[in-house]
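Trainee: The following block contains the structure, expressed as structure tokens.
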Amino acid sequence: MRLSKISQALIIASTLALSACSDPASTANKVQGSQQKQPSYELINTPQSRLDIYTEVTLQTDLSHLSNNQKKMIAKLIDASKLMDDLFWKQSFAMDKDSFLSRIKDEKVRKFADINYGPWDRLDGDKVFLNGFENKAPGAEFYPHDMTKEELNNSDLKDKKGLYSIVKRDEQGKLHTLPYSKIYEKELSQAAQLLREASKLADDKEFANYLTLRADALLNNSYQTSDFAWMDMKNNPIDVVIGPIETYEDQLFGYRAGFESYVLVKDLAWSERLAKFAAFLPELQTGLPVDEKYKQEVPGSDADLNAYDVIYYAGHSNAGSKTIAINLPNDEQVQLEKGTRRLQLKNAMRAKFDKIMLPIADQLIVPEQRKHITFDAFFANTMFHEVAHGLGIKNTITNKGTVRQSLQEHASALEEGKADILGLYMVEQLLNKGEITEGTIEDYYVTFMAGIFRSVRFGASSAHGKANMIRFNFFKEQGAFSKNSQGHYKVDMQKMAVAMEKLSNLILTLQGDGDYQKVDQLIATHGDIKTELAADLEKLSKANIPVDVTFKQGKSVLGLK
């Protein structure tokens, strides 16, 4: 059919008009308009003052003693760490990070969400603080949200307790697992390549070997070989802890590991001071205040202690509260054969002591005992916490498997509680032996008490927070401290020593027995913040004392390309 010239002209004009509406600029405007129509996320259930609980610290250290190759290597390690950060976002929160953050218009709220890796306040029991979101799934993104504990426990999955896999449903609704190496193949391949490139820049052969093996582990989903290599690495001035490591994010079972990374520069002078203490582990194990059957395992004698400045945090280690000391690897076989390495993050520790611990002491400790709050005591209590992870027992004496498997989601909280109390026990023993010469037992006890107030503010969703609540409530029952009419706490030195021994015995026994029910009961009765303590913590908030730190960090901060 032919059209008149007028009809043809109308069609051409209409076509041109449509073309104009679909040009790239116009399409971009449409997309942008569509995005703008999406509702923004806004603060709920949370006062504006809550957004100020983190104080920013710049992560720096002296790199002048490092070679050009070592500086280039650090840059590659930071790039690999950023990929761990991306992966942890996926493990903890299903929504795309950039899309999520772009819908938060308020800058302070957006920063708070970035620190928390999602819309849940990690230091307030994972409470929802943005509209449009429900309560956080206890299993994060490691399991289907509709899966119950019973369903997994009753399943025939061979990898149901896997550290390095995610549980999914197939089209028929049946559970199956996917290894990290497959589900995160793209990011892990990129990270592995960066580690291999870094290994070629390493001056230390053992460190180069570790980086190569760690790259292999990211791709083959088997980390034990690289853990052994990391234990054999003693002399390199640079270190990186990278991969799926801690299981705290899995609050459903405590089985699955979250991705994280630390890039570290060794403090040679402080490390030399610490080197002698690891040798005392076997002796201290035999003296633990518990029946012999709960201390029959012999800690590895190849453990070491070192101090570092941390220059980059990523993933789990950067979410919410920040770690100031590391005790790794977690693999029970490596621990029994080699022990562990304890890394004290001195610059991060100093920042928390100056900005948080000292102000807390001024608010809550009796004036006459404030002189006992010292950095040396804080450093030692933190350090021996990590050393104490190597004490006690890793495998139950009741044939229930490892302590970690038998206590499931409670394992991390009880393990942190054990490390805290046995760390103080170690300090006491080494002071009595004359091996620790800095300060008095009063310094360590009072600093330990102030440290409880600092850590208990991390909230019920944190393993460390639960451990501190249990200890505070147990110490109160034992009379280890008193409180005067001004609201200041005073440590009773003798009763503190007795309470420390009793709690050590209780935790070691629960772990050795693998008694899930009794641990569950202990957390239910002692793992919450009572009314009186809540009022004291509110006093700290009103005094604008930060709860924790957040970091300004990266290559530009360090002057690296």
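Order determines the names: the first chain of the structure tokens is A, the second B, and so forth; residues in each chain are numbered 1 upward, and ligands are numbered 1 upward as they are shown.
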Need the shell around Ser406 (chain A): protein/DNA/RNA residues with any atom at most 10 Å away, counting only C-alpha atoms. Skip same-chain ones fewer than 6 positions apart. Format as a ChimeraX atom specification?

Mentor: /A:253,395-396,399-400,511-516

Trainee: Mind listing the strand (DSSP E) residues of region 217-419 of chain A, per DSSP on the backbone, as a PyMOL selection string?

Mentor: chain A and resi 238-244+259-267+304-315+325-328+341-345

Trainee: Store the residues picked out above in a file with C-alpha atoms, as a short mmCIF file (atom, residue, chain, number, x, y, z; two decimals), in the first residue's frame.

Mentor:
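What landed in part35.cif:
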data_model
loop_
_atom_site.label_atom_id
_atom_site.label_comp_id
_atom_site.auth_asym_id
_atom_site.auth_seq_id
_atom_site.Cartn_x
_atom_site.Cartn_y
_atom_site.Cartn_z
CA ILE A 238 55.79 -7.34 56.17
CA ASP A 239 52.88 -9.70 56.71
CA VAL A 240 49.38 -10.23 55.38
CA VAL A 241 46.56 -12.25 56.93
CA ILE A 242 44.12 -12.87 54.10
CA GLY A 243 41.27 -15.21 53.19
CA PRO A 244 38.22 -16.76 54.88
CA PHE A 259 36.63 -13.15 54.26
CA GLU A 260 39.00 -10.58 55.73
CA SER A 261 42.49 -9.19 55.50
CA TYR A 262 45.13 -7.31 57.49
CA VAL A 263 48.26 -5.79 55.93
CA LEU A 264 50.98 -5.42 58.55
CA VAL A 265 54.44 -3.96 59.10
CA LYS A 266 56.51 -5.53 61.87
CA ASP A 267 57.74 -3.51 64.85
CA ASP A 304 55.65 -16.85 68.42
CA LEU A 305 54.70 -13.36 69.54
CA ASN A 306 55.26 -10.24 67.50
CA ALA A 307 54.13 -6.62 67.41
CA TYR A 308 53.00 -4.92 64.21
CA ASP A 309 51.60 -1.68 62.93
CA VAL A 310 48.52 -2.49 60.90
CA ILE A 311 48.15 -0.42 57.74
CA TYR A 312 45.02 -1.91 56.19
CA TYR A 313 41.91 -3.69 57.44
CA ALA A 314 39.36 -5.34 55.12
CA GLY A 315 36.24 -7.46 55.34
CA ALA A 325 45.37 -8.54 68.22
CA ILE A 326 45.32 -11.75 66.19
CA ASN A 327 45.81 -15.39 67.14
CA LEU A 328 45.98 -17.68 64.10
CA ARG A 341 51.23 -16.90 65.83
CA ARG A 342 50.11 -13.98 67.99
CA LEU A 343 50.19 -10.63 66.29
CA GLN A 344 49.73 -7.50 68.42
CA LEU A 345 48.48 -4.53 66.39
#

Trainee: Residues near region 481-490 of chain A, anyone? I mean within 10 Å using only C-alpha atoms, not counting same-chain ones fewer than 3 positions away, as number ranges by chain.

Mentor: A: 361-370, 446, 449-450, 472, 475-478, 493, 495-496, 532, 535-536, 539

Trainee: Which parts of region 19-144 of chain A does DSSP call helix (DSSP H, G or I) when run on the backbone here, written out as an MDAnalysis selection string?

Mentor: chainID A and resid 19:21 24:37 48:52 68:92 97:102 107:116

Trainee: Figure out the distance between CA of Asp250 (chain A) and CA of Asp331 (chain A), please, to one decimal in Å.

Mentor: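 Separation of CA of Asp331 (chain A) and CA of Asp250 (chain A): 17.0 Å.
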
Trainee: Skipping near chain neighbours, those fewer than 4 positions away, what residues fall within 9 Å of region 95-100 of chain A using only C-alpha atoms, listed as a ChimeraX atom specification?

Mentor: /A:41,86,89-90,104,114,117-118

Trainee: Taking only C-alpha atoms into account, which of A:Met469, A:Asp291, A:Tyr445, A:Gly320 comes nearest Leu506 (chain A)?

Mentor: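 Distance minimum relative to Leu506 (chain A) lands on A:Asp291.
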
Trainee: For CA of Met73 (chain A) and CA of Lys200 (chain A), determine how far apart the two atoms are, in Å to one decimal place.

Mentor: 8.5 Å

Trainee: For region 141-151 of chain A, please output as a VMD selection string all residues within 7 Å (counting only C-alpha atoms; exclusion window: fewer than 4 positions along the same chain).

Mentor: chain A and resid 91 to 94 137 155 166 to 168

Trainee: One decimal, in Å: what's the spacing between CA of Phe133 (chain A) and CA of Gly254 (chain A)?

Mentor: 23.6 Å

Trainee: Could you check the closest approach to Lys205 (chain A) for each of A:Trp230, A:Phe551, A:Trp120, A:Tyr223 and tell me which residue wins, using only C-alpha atoms?

Mentor: A:Trp230

Trainee: Measuring between only C-alpha atoms, which one of A:Leu336, A:Leu194, A:Val403, A:Ile529 shows the shortest distance to Val456 (chain A)?

Mentor: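 Distance minimum relative to Val456 (chain A) lands on A:Ile529.
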
Trainee: Which is closest to Glu538 (chain A) among A:Lys552, A:Arg214, A:Phe453, A:Ser64, if we use only C-alpha atoms?

Mentor: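 Residue with the minimum atom-to-atom distance to Glu538 (chain A): A:Phe453.
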
Trainee: Can you pull out the residues contacting Pro39 (chain A)? Cut-off 12 Å, using only C-alpha atoms, and skip same-chain residues under 6 positions away; I want them as a list in words.

Mentor: Gly33, Phe100, Ser102, Arg103, Ile104, Lys105, Leu130, Asn131 and Gly132 of chain A

Trainee: Just the residues within 8 Å of Lys72 (chain A), please, counting only C-alpha atoms, with nothing from its chain fewer than 3 positions along; format it as a PDB file with C-alpha atoms, in the first residue's frame.

Mentor:
ATOM      1  CA  ASN A  68      61.027  -0.125  46.706  1.00  0.00           C
ATOM      2  CA  ASN A  69      59.973  -3.693  45.920  1.00  0.00           C
ATOM      3  CA  ALA A  75      50.317  -1.849  47.304  1.00  0.00           C
ATOM      4  CA  LYS A  76      49.416  -5.202  45.726  1.00  0.00           C
ATOM      5  CA  ALA A 198      53.368  -9.732  45.314  1.00  0.00           C
ATOM      6  CA  LEU A 201      58.460  -8.723  44.825  1.00  0.00           C
ATOM      7  CA  LEU A 560      51.980   4.524  47.765  1.00  0.00           C
ATOM      8  CA  LYS A 561      50.877   4.226  44.146  1.00  0.00           C
TER       9      LYS A 561
END
